[in-house]
Amino acid sequence: MKEICEDRFSIAGFYSRRIRRIMPALLSVVVASLIVGYFVLMPGDYRSLGWPSATSVVGASNFYFLWNTGYFDQAADLLPLLHTWSLGVEEQFYLVWPIVLVTIAGLSRKAFLPTVLALFAIIISSFAAAYILVAEDPQAAFYLPYTRAWELALGALLVFAPKLSGKWAQVTAPLGLALIVGSALVLTSSDPFPGMNALAPCLGAVLLIWPSQKTSAIAHALSVEALRQIGLASYSLYLWHWPVLVFYRHYNLGEMPSGLEVALLLAVSIGLAFLSLRFIEAPFRRMRLRNVRAVTVGATASCVVAVSGFALAAADGVPSRLDTTFRAMESREVMWSWDCPDVGVLGDLGKVCVFGEDWEASTDRIFLWGDSHAIHFVPVLNAVLKPGQSAVLFHACPASMGGSYHRNRRDLPTYRAECIESREKALGFIENTPNITTVVLASLWQAGYLAQDWAQESQSDPGTAFYNALSETLDAVRFPDPKLFWSPISHRFHSIR
């Protein structure tokens, strides 16, 4: 604003500073991820790193993750560059914001009031959009820039905020910290976000950093040298911490690290952050380049890395790295590639996969029921079917859901109703279909899956409620005639208590 008022502001200069601030460390992390991924990731996972690598360096990874993170995509928490979505939103905001400032300055000699009004307009309209969209399409509300712009505009508004004095200077920082910590403790992954749930932590951040004439006790505590140094390296720490964690999880077969491992990974991340600050961030910030040249160099480097990411995706993650023995496990798509021999309509079940002998003629029928994980067992079951046996796959919701136990998925608002309906269809089909001798229930029965966003009508703990719900299903399956029941159990199921 000072440059605008003094008629010294340059859009090229603004973008030049942003590029020197953001791009060197980002490009380093992306290139390092591509190198480490070559040695650590399976081809399918390595291919999944290609597009995020390309889109992150051009400030658009939030759109990639919006369109490519869903139930049947790779688990989002195993994507090494997932965290760059927020950097994409920030870059898109600052792509537009200087143009808005210059436009306001051109229309009015006194840019202060119009700029503040413009920020309030962005905050109100963006928050309203987030509040509306989070109920209709939570994933879009999470990743789209116009539903996140109000959060960045709140920070921009602080530039024009008056310095606090007196008791307000002592109250705002503790209140802000309480809002942030409270939100971290109360909010869960199943809560809609952003929208109303983002209001408390964002206002907390504003109150915490609001400038004041007198330093508060909280400000003193946060300004100790160790925290100040971490603050200086915070951008690099933001960039490095997530790939470090994710690559370790890939190495550790997807398992979450233990407490000691978390401490070691944090130490590695902090070490990399300070090295990045010392040898990458600081030198490029001090570098004296003409604005146009800085923009050109940054854009060229980004294009080179982006093309590398595109090439990696086009090469299917370079499967030639693997011995042919392991090609069958190179990706989820390959492992799940089993063509159903017969897709037919059976009663109220609708279209289902039927395999083995002819269903209508068989007197030894098997009913495989579960969520998408039930599909894993189809090739195995098909291989061991005896002559005369026929099987049907009905995959919708886990068999334990739809009765007294439910899951509230924010990405699928109708999921609960769909599970109730699928349970009724499955139980009705089992009861009314003769010659079903075996019922196989197959789902992801692990504690992490159960504890995230499940809701039970009883007041029991999740493990007890789950067992009760599964018992209800077993009783229903065994009526009116006893049936052999087999339930494949995840190796992590023992952790439920």
# chains A, B, ... in the order shown; residues from 1 in each chain; ligands from 1

call {"tool": "residues_around", "arguments": {"residues": "A:Pro387", "least_positions_apart": "6", "cutoff": "12 Å", "atoms": "only C-alpha atoms", "output": "list of chain:residue names"}}
result
A:Phe355, A:Gly356, A:Glu357, A:Asp358, A:Ala361, A:Ser362, A:Thr363, A:Asp364, A:Arg365

call {"tool": "write_last_selection", "arguments": {"atoms": "C-alpha atoms", "output": "PDB file, in the first residue's frame"}}
result
ATOM      1  CA  PHE A 355     -19.422 -65.862 -11.100  1.00  0.00           C
ATOM      2  CA  GLY A 356     -18.943 -69.618 -10.948  1.00  0.00           C
ATOM      3  CA  GLU A 357     -21.723 -71.912 -12.234  1.00  0.00           C
ATOM      4  CA  ASP A 358     -25.049 -70.663 -13.559  1.00  0.00           C
ATOM      5  CA  ALA A 361     -29.214 -73.781 -11.821  1.00  0.00           C
ATOM      6  CA  SER A 362     -26.905 -73.850  -8.799  1.00  0.00           C
ATOM      7  CA  THR A 363     -27.959 -75.507  -5.550  1.00  0.00           C
ATOM      8  CA  ASP A 364     -24.863 -74.274  -3.672  1.00  0.00           C
ATOM      9  CA  ARG A 365     -24.925 -70.504  -3.720  1.00  0.00           C
TER      10      ARG A 365
END

call {"tool": "residues_around", "arguments": {"residues": "A:Phe39", "least_positions_apart": "4", "cutoff": "12 Å", "atoms": "only C-alpha atoms", "output": "PyMOL selection string"}}
result
chain A and resi 32-35+43+45-46+247+250-251+317-319+321-322

call {"tool": "write_last_selection", "arguments": {"atoms": "all heavy atoms", "output": "compact mmCIF listing (two decimals), in the first residue's frame"}}
result
# COMPACT_ATOMS: atom_id res chain seq x y z
N ALA A 32 13.02 -33.05 -5.08
CA ALA A 32 13.46 -34.06 -4.10
C ALA A 32 12.42 -35.17 -3.98
O ALA A 32 12.78 -36.36 -3.87
CB ALA A 32 13.69 -33.40 -2.74
N SER A 33 11.13 -34.82 -4.01
CA SER A 33 10.07 -35.83 -3.93
C SER A 33 10.10 -36.75 -5.13
O SER A 33 9.91 -37.97 -5.01
CB SER A 33 8.71 -35.14 -3.81
OG SER A 33 8.62 -34.38 -2.63
N LEU A 34 10.34 -36.19 -6.32
CA LEU A 34 10.42 -37.02 -7.52
C LEU A 34 11.60 -37.99 -7.44
O LEU A 34 11.50 -39.14 -7.87
CB LEU A 34 10.55 -36.12 -8.76
CG LEU A 34 9.32 -35.30 -9.13
CD1 LEU A 34 9.65 -34.33 -10.25
CD2 LEU A 34 8.16 -36.21 -9.54
N ILE A 35 12.72 -37.53 -6.89
CA ILE A 35 13.90 -38.39 -6.77
C ILE A 35 13.67 -39.49 -5.74
O ILE A 35 13.92 -40.68 -6.00
CB ILE A 35 15.14 -37.55 -6.41
CG1 ILE A 35 15.49 -36.60 -7.56
CG2 ILE A 35 16.32 -38.46 -6.09
CD1 ILE A 35 16.58 -35.60 -7.22
N PRO A 43 5.01 -48.19 -8.89
CA PRO A 43 4.68 -47.43 -10.09
C PRO A 43 3.35 -46.68 -10.02
O PRO A 43 3.27 -45.52 -10.46
CB PRO A 43 4.65 -48.52 -11.18
CG PRO A 43 5.64 -49.52 -10.70
CD PRO A 43 5.48 -49.55 -9.21
N ASP A 45 1.79 -45.49 -7.35
CA ASP A 45 1.96 -44.34 -6.46
C ASP A 45 2.89 -43.30 -7.08
O ASP A 45 2.68 -42.09 -6.90
CB ASP A 45 2.52 -44.80 -5.11
CG ASP A 45 1.58 -45.73 -4.38
OD1 ASP A 45 0.36 -45.53 -4.49
OD2 ASP A 45 2.06 -46.65 -3.70
N TYR A 46 3.90 -43.76 -7.79
CA TYR A 46 4.83 -42.83 -8.43
C TYR A 46 4.14 -42.07 -9.55
O TYR A 46 4.37 -40.87 -9.74
CB TYR A 46 6.03 -43.61 -8.95
CG TYR A 46 7.25 -42.76 -9.26
CD1 TYR A 46 7.57 -41.66 -8.48
CD2 TYR A 46 8.10 -43.08 -10.32
CE1 TYR A 46 8.69 -40.89 -8.75
CE2 TYR A 46 9.22 -42.32 -10.60
CZ TYR A 46 9.51 -41.22 -9.81
OH TYR A 46 10.62 -40.46 -10.08
N PHE A 247 6.50 -40.26 2.79
CA PHE A 247 7.47 -41.23 2.26
C PHE A 247 7.84 -42.27 3.31
O PHE A 247 8.05 -43.45 2.99
CB PHE A 247 8.72 -40.51 1.76
CG PHE A 247 8.56 -39.91 0.40
CD1 PHE A 247 8.75 -38.55 0.19
CD2 PHE A 247 8.20 -40.70 -0.68
CE1 PHE A 247 8.59 -37.99 -1.06
CE2 PHE A 247 8.04 -40.15 -1.95
CZ PHE A 247 8.23 -38.79 -2.14
N HIS A 250 5.01 -44.76 3.31
CA HIS A 250 5.12 -45.69 2.18
C HIS A 250 6.18 -46.75 2.47
O HIS A 250 5.97 -47.93 2.19
CB HIS A 250 5.48 -44.92 0.90
CG HIS A 250 4.30 -44.31 0.22
ND1 HIS A 250 3.41 -45.06 -0.53
CD2 HIS A 250 3.86 -43.03 0.15
CE1 HIS A 250 2.47 -44.26 -1.03
NE2 HIS A 250 2.72 -43.03 -0.63
N TYR A 251 7.30 -46.32 3.01
CA TYR A 251 8.36 -47.27 3.37
C TYR A 251 7.88 -48.24 4.44
O TYR A 251 8.27 -49.41 4.45
CB TYR A 251 9.58 -46.49 3.86
CG TYR A 251 10.70 -47.36 4.40
CD1 TYR A 251 11.54 -48.04 3.53
CD2 TYR A 251 10.89 -47.50 5.77
CE1 TYR A 251 12.57 -48.85 4.02
CE2 TYR A 251 11.91 -48.29 6.26
CZ TYR A 251 12.74 -48.96 5.39
OH TYR A 251 13.74 -49.76 5.87
N GLY A 317 4.51 -44.15 -14.07
CA GLY A 317 5.33 -44.35 -12.89
C GLY A 317 6.55 -45.20 -13.11
O GLY A 317 7.12 -45.73 -12.15
N VAL A 318 6.97 -45.33 -14.38
CA VAL A 318 8.19 -46.08 -14.75
C VAL A 318 8.15 -47.50 -14.16
O VAL A 318 8.96 -47.86 -13.30
CB VAL A 318 9.46 -45.34 -14.29
CG1 VAL A 318 10.69 -45.91 -15.02
CG2 VAL A 318 9.38 -43.85 -14.52
N PRO A 319 7.23 -48.35 -14.60
CA PRO A 319 7.15 -49.72 -14.07
C PRO A 319 8.37 -50.57 -14.39
O PRO A 319 8.58 -51.60 -13.75
CB PRO A 319 5.89 -50.27 -14.74
CG PRO A 319 5.70 -49.44 -15.96
CD PRO A 319 6.20 -48.08 -15.61
N ARG A 321 11.19 -50.12 -13.52
CA ARG A 321 12.04 -50.17 -12.32
C ARG A 321 11.88 -51.49 -11.57
O ARG A 321 12.75 -51.89 -10.80
CB ARG A 321 11.69 -49.02 -11.37
CG ARG A 321 11.94 -47.64 -11.91
CD ARG A 321 11.47 -46.59 -10.91
NE ARG A 321 10.03 -46.62 -10.71
CZ ARG A 321 9.44 -46.56 -9.52
NH1 ARG A 321 10.16 -46.49 -8.42
NH2 ARG A 321 8.12 -46.58 -9.43
N LEU A 322 10.71 -52.15 -11.74
CA LEU A 322 10.39 -53.35 -10.97
C LEU A 322 10.71 -54.61 -11.75
O LEU A 322 10.60 -54.65 -12.98
CB LEU A 322 8.91 -53.37 -10.60
CG LEU A 322 8.38 -52.30 -9.64
CD1 LEU A 322 6.91 -52.55 -9.37
CD2 LEU A 322 9.16 -52.30 -8.35

call {"tool": "atom_distance", "arguments": {"atom1": "atom CA of A:Glu255", "atom2": "atom CA of A:Ser86"}}
result
25.1 Å

call {"tool": "closest_atom_pairs", "arguments": {"of": "stretch 15-115 of chain A", "to": "stretch 285-296 of chain A", "cutoff": "8 Å", "atoms": "only C-alpha atoms", "output": "JSON lines"}}
result
{"residue": "A:Tyr15", "atom": "CA", "partner": "A:Val295", "partner_atom": "CA", "distance": 6.9}
{"residue": "A:Ser16", "atom": "CA", "partner": "A:Asn291", "partner_atom": "CA", "distance": 5.2}
{"residue": "A:Arg17", "atom": "CA", "partner": "A:Arg285", "partner_atom": "CA", "distance": 7.8}
{"residue": "A:Ile19", "atom": "CA", "partner": "A:Val295", "partner_atom": "CA", "distance": 6.8}
{"residue": "A:Arg20", "atom": "CA", "partner": "A:Arg285", "partner_atom": "CA", "distance": 5.6}
{"residue": "A:Arg21", "atom": "CA", "partner": "A:Arg285", "partner_atom": "CA", "distance": 6.1}

call {"tool": "closest_residue", "arguments": {"among": "A:Leu272, A:Ala198, A:Ala315, A:Met401", "to": "A:Tyr238", "atoms": "only C-alpha atoms"}}
result
A:Leu272

call {"tool": "closest_residue", "arguments": {"among": "A:Val354, A:Val380, A:Leu232, A:Leu207", "to": "A:Ala178", "atoms": "only C-alpha atoms"}}
result
A:Leu207

call {"tool": "residues_around", "arguments": {"residues": "A:Ser183", "least_positions_apart": "6", "cutoff": "9 Å", "atoms": "only C-alpha atoms", "output": "PyMOL selection string"}}
result
chain A and resi 197-198+200-201

call {"tool": "select_by_dssp", "arguments": {"residues": "stretch 224-407 of chain A", "states": "strand (DSSP E or B)", "output": "VMD selection string"}}
result
chain A and resid 342 to 345 351 to 356 364 to 370 389 to 395 405 to 407

call {"tool": "select_by_dssp", "arguments": {"residues": "stretch 331-430 of chain A", "states": "helix (DSSP H, G or I)", "output": "ChimeraX atom specification"}}
result
/A:332-335,347-349,372-384,415-430

call {"tool": "closest_residue", "arguments": {"among": "A:Ala417, A:Val246, A:Val206, A:Leu368", "to": "A:Ala76", "atoms": "only C-alpha atoms"}}
result
A:Val246
